[in-house]
Structure formats: structure tokens, C-alpha cells
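Visitor: Sharing structure_0.txt here; it has compact mmCIF, N, CA and C atoms.
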# COMPACT_ATOMS: atom_id res chain seq x y z
N MET A 5 -90.49 -5.80 -132.54
CA MET A 5 -90.71 -7.16 -133.01
C MET A 5 -89.68 -8.05 -132.36
N GLU A 6 -90.12 -9.04 -131.67
CA GLU A 6 -89.23 -9.96 -131.00
C GLU A 6 -88.88 -11.10 -131.95
N THR A 7 -87.60 -11.42 -132.02
CA THR A 7 -87.16 -12.50 -132.88
C THR A 7 -86.31 -13.47 -132.08
N SER A 8 -86.23 -14.69 -132.55
CA SER A 8 -85.43 -15.69 -131.85
C SER A 8 -83.95 -15.43 -132.10
N ALA A 9 -83.13 -15.62 -131.07
CA ALA A 9 -81.69 -15.39 -131.19
C ALA A 9 -80.99 -16.56 -131.86
N ILE A 10 -81.55 -17.74 -131.76
CA ILE A 10 -80.91 -18.93 -132.31
C ILE A 10 -81.70 -19.41 -133.53
N PRO A 11 -81.05 -19.48 -134.69
CA PRO A 11 -81.76 -19.96 -135.88
C PRO A 11 -82.24 -21.40 -135.69
N ARG A 12 -83.37 -21.70 -136.27
CA ARG A 12 -83.89 -23.07 -136.23
C ARG A 12 -83.07 -23.96 -137.14
N LYS A 13 -83.00 -25.23 -136.80
CA LYS A 13 -82.26 -26.17 -137.63
C LYS A 13 -82.89 -26.18 -139.03
N GLY A 14 -82.05 -26.05 -140.03
CA GLY A 14 -82.53 -26.05 -141.40
C GLY A 14 -83.07 -24.70 -141.86
N ASP A 15 -82.94 -23.66 -141.01
CA ASP A 15 -83.42 -22.32 -141.38
C ASP A 15 -82.60 -21.80 -142.56
N ASN A 16 -83.28 -21.20 -143.51
CA ASN A 16 -82.62 -20.64 -144.68
C ASN A 16 -82.41 -19.15 -144.51
N ILE A 17 -81.41 -18.63 -145.19
CA ILE A 17 -81.18 -17.20 -145.25
C ILE A 17 -81.81 -16.70 -146.55
N LEU A 18 -82.67 -15.70 -146.42
CA LEU A 18 -83.31 -15.11 -147.59
C LEU A 18 -82.63 -13.79 -147.91
N ARG A 19 -82.36 -13.57 -149.16
CA ARG A 19 -81.78 -12.30 -149.60
C ARG A 19 -82.91 -11.31 -149.86
N LEU A 20 -82.56 -10.04 -150.00
CA LEU A 20 -83.53 -8.96 -150.10
C LEU A 20 -84.61 -9.18 -151.17
N PRO A 21 -84.27 -9.57 -152.40
CA PRO A 21 -85.34 -9.75 -153.40
C PRO A 21 -86.42 -10.75 -152.95
N GLU A 22 -86.01 -11.83 -152.29
CA GLU A 22 -86.98 -12.82 -151.82
C GLU A 22 -87.81 -12.27 -150.66
N VAL A 23 -87.19 -11.49 -149.78
CA VAL A 23 -87.92 -10.88 -148.67
C VAL A 23 -88.95 -9.90 -149.22
N GLU A 24 -88.56 -9.11 -150.21
CA GLU A 24 -89.49 -8.18 -150.86
C GLU A 24 -90.66 -8.94 -151.48
N LYS A 25 -90.36 -10.03 -152.16
CA LYS A 25 -91.39 -10.82 -152.83
C LYS A 25 -92.37 -11.42 -151.83
N ARG A 26 -91.85 -11.96 -150.73
CA ARG A 26 -92.70 -12.62 -149.74
C ARG A 26 -93.56 -11.65 -148.95
N THR A 27 -93.00 -10.48 -148.64
CA THR A 27 -93.73 -9.54 -147.78
C THR A 27 -94.50 -8.48 -148.53
N GLY A 28 -94.13 -8.22 -149.77
CA GLY A 28 -94.76 -7.15 -150.53
C GLY A 28 -94.21 -5.78 -150.16
N LEU A 29 -93.19 -5.74 -149.31
CA LEU A 29 -92.57 -4.48 -148.92
C LEU A 29 -91.37 -4.20 -149.80
N ARG A 30 -91.04 -2.94 -149.94
CA ARG A 30 -89.87 -2.56 -150.71
C ARG A 30 -88.67 -2.37 -149.79
N ARG A 31 -87.50 -2.26 -150.36
CA ARG A 31 -86.24 -2.18 -149.63
C ARG A 31 -86.27 -1.11 -148.53
N ALA A 32 -86.65 0.10 -148.88
CA ALA A 32 -86.64 1.20 -147.91
C ALA A 32 -87.55 0.90 -146.72
N SER A 33 -88.74 0.35 -146.99
CA SER A 33 -89.68 0.02 -145.91
C SER A 33 -89.13 -1.08 -145.01
N ILE A 34 -88.49 -2.05 -145.61
CA ILE A 34 -87.92 -3.17 -144.84
C ILE A 34 -86.88 -2.64 -143.87
N TYR A 35 -85.93 -1.85 -144.36
CA TYR A 35 -84.87 -1.33 -143.49
C TYR A 35 -85.41 -0.34 -142.46
N LYS A 36 -86.39 0.48 -142.85
CA LYS A 36 -86.98 1.44 -141.91
C LYS A 36 -87.71 0.70 -140.79
N ARG A 37 -88.47 -0.32 -141.13
CA ARG A 37 -89.20 -1.10 -140.13
C ARG A 37 -88.23 -1.89 -139.24
N ALA A 38 -87.15 -2.42 -139.82
CA ALA A 38 -86.16 -3.15 -139.02
C ALA A 38 -85.52 -2.21 -138.00
N ALA A 39 -85.21 -0.99 -138.42
CA ALA A 39 -84.62 0.00 -137.50
C ALA A 39 -85.60 0.38 -136.40
N ALA A 40 -86.91 0.40 -136.72
CA ALA A 40 -87.94 0.74 -135.74
C ALA A 40 -88.29 -0.45 -134.84
N GLY A 41 -87.82 -1.64 -135.19
CA GLY A 41 -88.11 -2.82 -134.40
C GLY A 41 -89.43 -3.50 -134.74
N THR A 42 -90.01 -3.15 -135.87
CA THR A 42 -91.28 -3.76 -136.28
C THR A 42 -91.12 -4.77 -137.41
N PHE A 43 -89.88 -5.09 -137.73
CA PHE A 43 -89.56 -6.06 -138.78
C PHE A 43 -88.28 -6.76 -138.34
N PRO A 44 -88.10 -8.04 -138.69
CA PRO A 44 -86.87 -8.72 -138.30
C PRO A 44 -85.62 -8.00 -138.80
N LYS A 45 -84.62 -7.96 -137.97
CA LYS A 45 -83.36 -7.33 -138.35
C LYS A 45 -82.58 -8.28 -139.26
N PRO A 46 -81.85 -7.71 -140.22
CA PRO A 46 -81.06 -8.55 -141.12
C PRO A 46 -79.85 -9.15 -140.41
N VAL A 47 -79.36 -10.22 -140.98
CA VAL A 47 -78.16 -10.90 -140.51
C VAL A 47 -77.02 -10.49 -141.44
N ARG A 48 -75.94 -9.99 -140.86
CA ARG A 48 -74.79 -9.60 -141.67
C ARG A 48 -74.07 -10.86 -142.14
N LEU A 49 -73.94 -11.01 -143.45
CA LEU A 49 -73.31 -12.19 -144.04
C LEU A 49 -71.88 -11.90 -144.47
N GLY A 50 -71.58 -10.66 -144.70
CA GLY A 50 -70.26 -10.23 -145.13
C GLY A 50 -70.22 -8.73 -145.17
N PRO A 51 -69.14 -8.14 -145.64
CA PRO A 51 -69.04 -6.68 -145.63
C PRO A 51 -70.11 -5.98 -146.48
N ASN A 52 -70.58 -6.64 -147.51
CA ASN A 52 -71.56 -6.01 -148.40
C ASN A 52 -72.80 -6.85 -148.63
N SER A 53 -73.11 -7.74 -147.71
CA SER A 53 -74.29 -8.58 -147.92
C SER A 53 -75.00 -8.87 -146.61
N THR A 54 -76.32 -8.90 -146.71
CA THR A 54 -77.16 -9.23 -145.57
C THR A 54 -78.25 -10.18 -146.02
N GLY A 55 -78.88 -10.81 -145.07
CA GLY A 55 -79.99 -11.69 -145.35
C GLY A 55 -80.88 -11.76 -144.13
N TRP A 56 -82.00 -12.44 -144.26
CA TRP A 56 -82.95 -12.58 -143.17
C TRP A 56 -83.24 -14.06 -142.96
N LEU A 57 -83.45 -14.44 -141.71
CA LEU A 57 -83.84 -15.82 -141.43
C LEU A 57 -85.25 -16.06 -141.94
N GLU A 58 -85.42 -17.12 -142.67
CA GLU A 58 -86.71 -17.46 -143.25
C GLU A 58 -87.78 -17.60 -142.16
N SER A 59 -87.42 -18.21 -141.04
CA SER A 59 -88.38 -18.41 -139.95
C SER A 59 -88.88 -17.08 -139.40
N GLU A 60 -87.99 -16.07 -139.33
CA GLU A 60 -88.40 -14.76 -138.82
C GLU A 60 -89.31 -14.04 -139.80
N ILE A 61 -89.06 -14.19 -141.09
CA ILE A 61 -89.94 -13.59 -142.10
C ILE A 61 -91.30 -14.29 -142.08
N ASP A 62 -91.30 -15.61 -141.95
CA ASP A 62 -92.57 -16.34 -141.86
C ASP A 62 -93.36 -15.91 -140.63
N SER A 63 -92.68 -15.69 -139.51
CA SER A 63 -93.35 -15.23 -138.29
C SER A 63 -93.93 -13.83 -138.47
N PHE A 64 -93.18 -12.96 -139.15
CA PHE A 64 -93.67 -11.60 -139.42
C PHE A 64 -94.97 -11.66 -140.23
N ILE A 65 -94.98 -12.48 -141.26
CA ILE A 65 -96.17 -12.61 -142.10
C ILE A 65 -97.33 -13.19 -141.30
N ALA A 66 -97.07 -14.20 -140.48
CA ALA A 66 -98.12 -14.81 -139.65
C ALA A 66 -98.70 -13.79 -138.67
N GLN A 67 -97.85 -12.94 -138.09
CA GLN A 67 -98.34 -11.91 -137.16
C GLN A 67 -99.21 -10.89 -137.89
N ALA A 68 -98.82 -10.53 -139.10
CA ALA A 68 -99.61 -9.57 -139.88
C ALA A 68 -100.99 -10.14 -140.18
N VAL A 69 -101.06 -11.42 -140.51
CA VAL A 69 -102.34 -12.08 -140.78
C VAL A 69 -103.17 -12.15 -139.50
N ALA A 70 -102.55 -12.48 -138.39
CA ALA A 70 -103.26 -12.55 -137.11
C ALA A 70 -103.84 -11.19 -136.73
N GLN A 71 -103.07 -10.11 -136.93
CA GLN A 71 -103.57 -8.77 -136.63
C GLN A 71 -104.74 -8.41 -137.55
N ARG A 72 -104.63 -8.79 -138.80
CA ARG A 72 -105.74 -8.55 -139.74
C ARG A 72 -107.00 -9.26 -139.29
N ASP A 73 -106.84 -10.52 -138.90
CA ASP A 73 -107.99 -11.32 -138.49
C ASP A 73 -108.61 -10.81 -137.18
N GLN A 74 -107.80 -10.30 -136.28
CA GLN A 74 -108.33 -9.72 -135.04
C GLN A 74 -109.14 -8.46 -135.33
N GLY A 75 -108.69 -7.68 -136.28
CA GLY A 75 -109.39 -6.46 -136.65
C GLY A 75 -110.71 -6.74 -137.34
N ALA A 76 -110.85 -7.90 -137.95
CA ALA A 76 -112.08 -8.25 -138.69
C ALA A 76 -113.20 -8.68 -137.77
N GLN A 77 -112.85 -9.00 -136.53
CA GLN A 77 -113.90 -9.49 -135.61
C GLN A 77 -114.63 -8.40 -134.94
Here is a file; write its structure as C-alpha cells.
Guide:
Amino acid sequence: METSAIPRKGDNILRLPEVEKRTGLRRASIYKRAAAGTFPKPVRLGPNSTGWLESEIDSFIAQAVAQRDQGAQ
């Protein structure tokens, strides 16, 4: 999964509960997919905290919908 290196102006950082809520994926799946390169990688915020760029999560969801729609045709 290709992601932008520079956050967009006004981009928000989403914490894990919000990422789970938006994607429907659970913690283990999120980290497994990020390690495999099929999900946006988290941003390290501190020694014990990470988050995800909202724009990258939105892009992931949009790609999933596009793949679904391609399969329907």
C-alpha cells in the first residue's frame, strides 16, 4: 500500500479505536496488514503511542470500495 510521505494540511491523527471503528478491522489485523504493506503504517507519536493519518485511512477505505466495485462488474 503506497502512502503519502507528507501529511496534508489539516490532516488529523487517528488513534487505534477510531481506526478500528472506521475500517471494521481489529487491532491484530491492522498491525498485521501494516506489516505486510496492505494497510497504512502507523505514525509513532511517543514511546507508547501511535496513530494513523486520517487521509491515509480514508484512502484505504476508498481503495477497498473501488476494488469491490470492480469485482461487481
Visitor: List the neighbours of Ile61 in chain A out to 8 Å using all atoms listed in the file; skip same-chain residues closer than 3 positions along the sequence, and give me the result as a list in words.
Guide: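 So the residues in contact are Val23, Arg26, Thr27, Phe43, Pro44, Trp56, Leu57, Glu58, Phe64, Ile65, Ala66 and Gln67 of chain A.
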Visitor: Work out how far apart atom N of Lys13 in chain A and CA of Val47 in chain A are and give it in Å to one decimal.
Guide: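 Separation of atom N of Lys13 in chain A and CA of Val47 in chain A: 15.6 Å.
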Visitor: With only C-alpha atoms as the atoms that count, which of A:Thr42, A:Gly14, A:Gly28, A:Leu20 lies nearest to Gly55 in chain A?
Guide: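 Closest to Gly55 in chain A, using only C-alpha atoms: A:Leu20.
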Visitor: Please enclose the listed atoms of range 21-25 of chain A in an axis-aligned box, pad each side by 4 Å, and write out the centre and the three edge lengths in Å, rounded to one decimal, as lines of an AutoDock Vina configuration file.
Guide:
center_x = -88.3
center_y = -10.5
center_z = -151.0
size_x = 16.1
size_y = 12.6
size_z = 12.7
Visitor: What is the CA of Ala39 in chain A-CA of Ala70 in chain A distance in Å, reported with one decimal?
Guide: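 If I compute the distance from CA of Ala39 in chain A to CA of Ala70 in chain A, I get 22.5 Å.
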Visitor: Could you pull out the residues in chain A that DSSP calls strand (DSSP E) from the backbone, as a PyMOL selection string?
Guide: chain A and resi 17-18+47-50+53-57
Visitor: Kindly export the residues of the current selection with N, CA and C atoms, as a short mmCIF file (atom, residue, chain, number, x, y, z; two decimals), in the coordinates of the input.
Guide:
data_model
loop_
_atom_site.label_atom_id
_atom_site.label_comp_id
_atom_site.auth_asym_id
_atom_site.auth_seq_id
_atom_site.Cartn_x
_atom_site.Cartn_y
_atom_site.Cartn_z
N ILE A 17 -81.41 -18.63 -145.19
CA ILE A 17 -81.18 -17.20 -145.25
C ILE A 17 -81.81 -16.70 -146.55
N LEU A 18 -82.67 -15.70 -146.42
CA LEU A 18 -83.31 -15.11 -147.59
C LEU A 18 -82.63 -13.79 -147.91
N VAL A 47 -79.36 -10.22 -140.98
CA VAL A 47 -78.16 -10.90 -140.51
C VAL A 47 -77.02 -10.49 -141.44
N ARG A 48 -75.94 -9.99 -140.86
CA ARG A 48 -74.79 -9.60 -141.67
C ARG A 48 -74.07 -10.86 -142.14
N LEU A 49 -73.94 -11.01 -143.45
CA LEU A 49 -73.31 -12.19 -144.04
C LEU A 49 -71.88 -11.90 -144.47
N GLY A 50 -71.58 -10.66 -144.70
CA GLY A 50 -70.26 -10.23 -145.13
C GLY A 50 -70.22 -8.73 -145.17
N SER A 53 -73.11 -7.74 -147.71
CA SER A 53 -74.29 -8.58 -147.92
C SER A 53 -75.00 -8.87 -146.61
N THR A 54 -76.32 -8.90 -146.71
CA THR A 54 -77.16 -9.23 -145.57
C THR A 54 -78.25 -10.18 -146.02
N GLY A 55 -78.88 -10.81 -145.07
CA GLY A 55 -79.99 -11.69 -145.35
C GLY A 55 -80.88 -11.76 -144.13
N TRP A 56 -82.00 -12.44 -144.26
CA TRP A 56 -82.95 -12.58 -143.17
C TRP A 56 -83.24 -14.06 -142.96
N LEU A 57 -83.45 -14.44 -141.71
CA LEU A 57 -83.84 -15.82 -141.43
C LEU A 57 -85.25 -16.06 -141.94
#
Visitor: Please identify which residues in chain A DSSP calls helix (DSSP H, G or I) from the backbone, and express them as a PyMOL selection string.
Guide: chain A and resi 20-27+31-40+58-76
Visitor: Quick one: distance from CA of Ala40 in chain A to atom C of Arg72 in chain A in Å, one decimal?
Guide: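 Interatomic distance, CA of Ala40 in chain A to atom C of Arg72 in chain A: 21.8 Å.
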Visitor: Supply range 16-27 of chain A as a PDB file, in the coordinates of the input, with all heavy atoms built in where the input has gaps.
Guide:
ATOM      1  N   ASN A  16     -83.280 -21.200-143.510  1.00  0.00           N
ATOM      2  CA  ASN A  16     -82.620 -20.640-144.680  1.00  0.00           C
ATOM      3  C   ASN A  16     -82.410 -19.150-144.510  1.00  0.00           C
ATOM      4  O   ASN A  16     -83.175 -18.484-143.804  1.00  0.00           O
ATOM      5  CB  ASN A  16     -83.457 -20.873-145.933  1.00  0.00           C
ATOM      6  CG  ASN A  16     -83.561 -22.331-146.284  1.00  0.00           C
ATOM      7  OD1 ASN A  16     -82.580 -23.055-146.272  1.00  0.00           O
ATOM      8  ND2 ASN A  16     -84.769 -22.769-146.582  1.00  0.00           N
ATOM      9  N   ILE A  17     -81.410 -18.630-145.190  1.00  0.00           N
ATOM     10  CA  ILE A  17     -81.180 -17.200-145.250  1.00  0.00           C
ATOM     11  C   ILE A  17     -81.810 -16.700-146.550  1.00  0.00           C
ATOM     12  O   ILE A  17     -81.537 -17.237-147.625  1.00  0.00           O
ATOM     13  CB  ILE A  17     -79.670 -16.862-145.262  1.00  0.00           C
ATOM     14  CG1 ILE A  17     -78.996 -17.329-143.980  1.00  0.00           C
ATOM     15  CG2 ILE A  17     -79.449 -15.372-145.501  1.00  0.00           C
ATOM     16  CD1 ILE A  17     -79.288 -16.508-142.766  1.00  0.00           C
ATOM     17  N   LEU A  18     -82.670 -15.700-146.420  1.00  0.00           N
ATOM     18  CA  LEU A  18     -83.310 -15.110-147.590  1.00  0.00           C
ATOM     19  C   LEU A  18     -82.630 -13.790-147.910  1.00  0.00           C
ATOM     20  O   LEU A  18     -82.378 -12.987-147.006  1.00  0.00           O
ATOM     21  CB  LEU A  18     -84.798 -14.851-147.321  1.00  0.00           C
ATOM     22  CG  LEU A  18     -85.640 -16.052-146.914  1.00  0.00           C
ATOM     23  CD1 LEU A  18     -87.073 -15.598-146.623  1.00  0.00           C
ATOM     24  CD2 LEU A  18     -85.622 -17.116-147.985  1.00  0.00           C
ATOM     25  N   ARG A  19     -82.360 -13.570-149.160  1.00  0.00           N
ATOM     26  CA  ARG A  19     -81.780 -12.300-149.600  1.00  0.00           C
ATOM     27  C   ARG A  19     -82.910 -11.310-149.860  1.00  0.00           C
ATOM     28  O   ARG A  19     -84.081 -11.663-149.936  1.00  0.00           O
ATOM     29  CB  ARG A  19     -80.920 -12.523-150.838  1.00  0.00           C
ATOM     30  CG  ARG A  19     -79.747 -13.493-150.612  1.00  0.00           C
ATOM     31  CD  ARG A  19     -78.782 -13.041-149.521  1.00  0.00           C
ATOM     32  NE  ARG A  19     -78.169 -11.770-149.818  1.00  0.00           N
ATOM     33  CZ  ARG A  19     -77.037 -11.609-150.492  1.00  0.00           C
ATOM     34  NH1 ARG A  19     -76.369 -12.660-150.907  1.00  0.00           N
ATOM     35  NH2 ARG A  19     -76.575 -10.411-150.751  1.00  0.00           N
ATOM     36  N   LEU A  20     -82.560 -10.040-150.000  1.00  0.00           N
ATOM     37  CA  LEU A  20     -83.530  -8.960-150.100  1.00  0.00           C
ATOM     38  C   LEU A  20     -84.610  -9.180-151.170  1.00  0.00           C
ATOM     39  O   LEU A  20     -85.792  -8.982-150.878  1.00  0.00           O
ATOM     40  CB  LEU A  20     -82.821  -7.628-150.307  1.00  0.00           C
ATOM     41  CG  LEU A  20     -83.722  -6.403-150.343  1.00  0.00           C
ATOM     42  CD1 LEU A  20     -84.505  -6.248-149.047  1.00  0.00           C
ATOM     43  CD2 LEU A  20     -82.896  -5.162-150.622  1.00  0.00           C
ATOM     44  N   PRO A  21     -84.270  -9.570-152.400  1.00  0.00           N
ATOM     45  CA  PRO A  21     -85.340  -9.750-153.400  1.00  0.00           C
ATOM     46  C   PRO A  21     -86.420 -10.750-152.950  1.00  0.00           C
ATOM     47  O   PRO A  21     -87.607 -10.542-153.199  1.00  0.00           O
ATOM     48  CB  PRO A  21     -84.606 -10.234-154.643  1.00  0.00           C
ATOM     49  CG  PRO A  21     -83.219  -9.701-154.489  1.00  0.00           C
ATOM     50  CD  PRO A  21     -82.944  -9.759-153.013  1.00  0.00           C
ATOM     51  N   GLU A  22     -86.010 -11.830-152.290  1.00  0.00           N
ATOM     52  CA  GLU A  22     -86.980 -12.820-151.820  1.00  0.00           C
ATOM     53  C   GLU A  22     -87.810 -12.270-150.660  1.00  0.00           C
ATOM     54  O   GLU A  22     -89.013 -12.526-150.583  1.00  0.00           O
ATOM     55  CB  GLU A  22     -86.264 -14.108-151.401  1.00  0.00           C
ATOM     56  CG  GLU A  22     -87.185 -15.205-150.932  1.00  0.00           C
ATOM     57  CD  GLU A  22     -88.117 -15.751-152.011  1.00  0.00           C
ATOM     58  OE1 GLU A  22     -87.843 -15.571-153.213  1.00  0.00           O
ATOM     59  OE2 GLU A  22     -89.135 -16.363-151.647  1.00  0.00           O
ATOM     60  N   VAL A  23     -87.190 -11.490-149.780  1.00  0.00           N
ATOM     61  CA  VAL A  23     -87.920 -10.880-148.670  1.00  0.00           C
ATOM     62  C   VAL A  23     -88.950  -9.900-149.220  1.00  0.00           C
ATOM     63  O   VAL A  23     -90.108  -9.864-148.783  1.00  0.00           O
ATOM     64  CB  VAL A  23     -86.957 -10.184-147.676  1.00  0.00           C
ATOM     65  CG1 VAL A  23     -87.723  -9.421-146.609  1.00  0.00           C
ATOM     66  CG2 VAL A  23     -86.040 -11.220-147.030  1.00  0.00           C
ATOM     67  N   GLU A  24     -88.560  -9.110-150.210  1.00  0.00           N
ATOM     68  CA  GLU A  24     -89.490  -8.180-150.860  1.00  0.00           C
ATOM     69  C   GLU A  24     -90.660  -8.940-151.480  1.00  0.00           C
ATOM     70  O   GLU A  24     -91.826  -8.547-151.339  1.00  0.00           O
ATOM     71  CB  GLU A  24     -88.789  -7.358-151.938  1.00  0.00           C
ATOM     72  CG  GLU A  24     -87.843  -6.315-151.406  1.00  0.00           C
ATOM     73  CD  GLU A  24     -87.140  -5.556-152.515  1.00  0.00           C
ATOM     74  OE1 GLU A  24     -86.735  -6.185-153.522  1.00  0.00           O
ATOM     75  OE2 GLU A  24     -86.994  -4.334-152.374  1.00  0.00           O
ATOM     76  N   LYS A  25     -90.360 -10.030-152.160  1.00  0.00           N
ATOM     77  CA  LYS A  25     -91.390 -10.820-152.830  1.00  0.00           C
ATOM     78  C   LYS A  25     -92.370 -11.420-151.830  1.00  0.00           C
ATOM     79  O   LYS A  25     -93.582 -11.379-152.019  1.00  0.00           O
ATOM     80  CB  LYS A  25     -90.717 -11.928-153.649  1.00  0.00           C
ATOM     81  CG  LYS A  25     -91.657 -12.793-154.424  1.00  0.00           C
ATOM     82  CD  LYS A  25     -90.858 -13.828-155.225  1.00  0.00           C
ATOM     83  CE  LYS A  25     -91.779 -14.820-155.883  1.00  0.00           C
ATOM     84  NZ  LYS A  25     -91.024 -15.876-156.571  1.00  0.00           N
ATOM     85  N   ARG A  26     -91.850 -11.960-150.730  1.00  0.00           N
ATOM     86  CA  ARG A  26     -92.700 -12.620-149.740  1.00  0.00           C
ATOM     87  C   ARG A  26     -93.560 -11.650-148.950  1.00  0.00           C
ATOM     88  O   ARG A  26     -94.683 -11.978-148.585  1.00  0.00           O
ATOM     89  CB  ARG A  26     -91.854 -13.440-148.772  1.00  0.00           C
ATOM     90  CG  ARG A  26     -91.311 -14.704-149.379  1.00  0.00           C
ATOM     91  CD  ARG A  26     -90.633 -15.518-148.328  1.00  0.00           C
ATOM     92  NE  ARG A  26     -90.092 -16.734-148.898  1.00  0.00           N
ATOM     93  CZ  ARG A  26     -89.935 -17.845-148.216  1.00  0.00           C
ATOM     94  NH1 ARG A  26     -90.248 -17.902-146.946  1.00  0.00           N
ATOM     95  NH2 ARG A  26     -89.435 -18.906-148.794  1.00  0.00           N
ATOM     96  N   THR A  27     -93.000 -10.480-148.640  1.00  0.00           N
ATOM     97  CA  THR A  27     -93.730  -9.540-147.780  1.00  0.00           C
ATOM     98  C   THR A  27     -94.500  -8.480-148.530  1.00  0.00           C
ATOM     99  O   THR A  27     -95.424  -7.881-147.985  1.00  0.00           O
ATOM    100  CB  THR A  27     -92.749  -8.810-146.830  1.00  0.00           C
ATOM    101  OG1 THR A  27     -91.840  -8.022-147.608  1.00  0.00           O
ATOM    102  CG2 THR A  27     -92.006  -9.777-145.941  1.00  0.00           C
TER     103      THR A  27
END
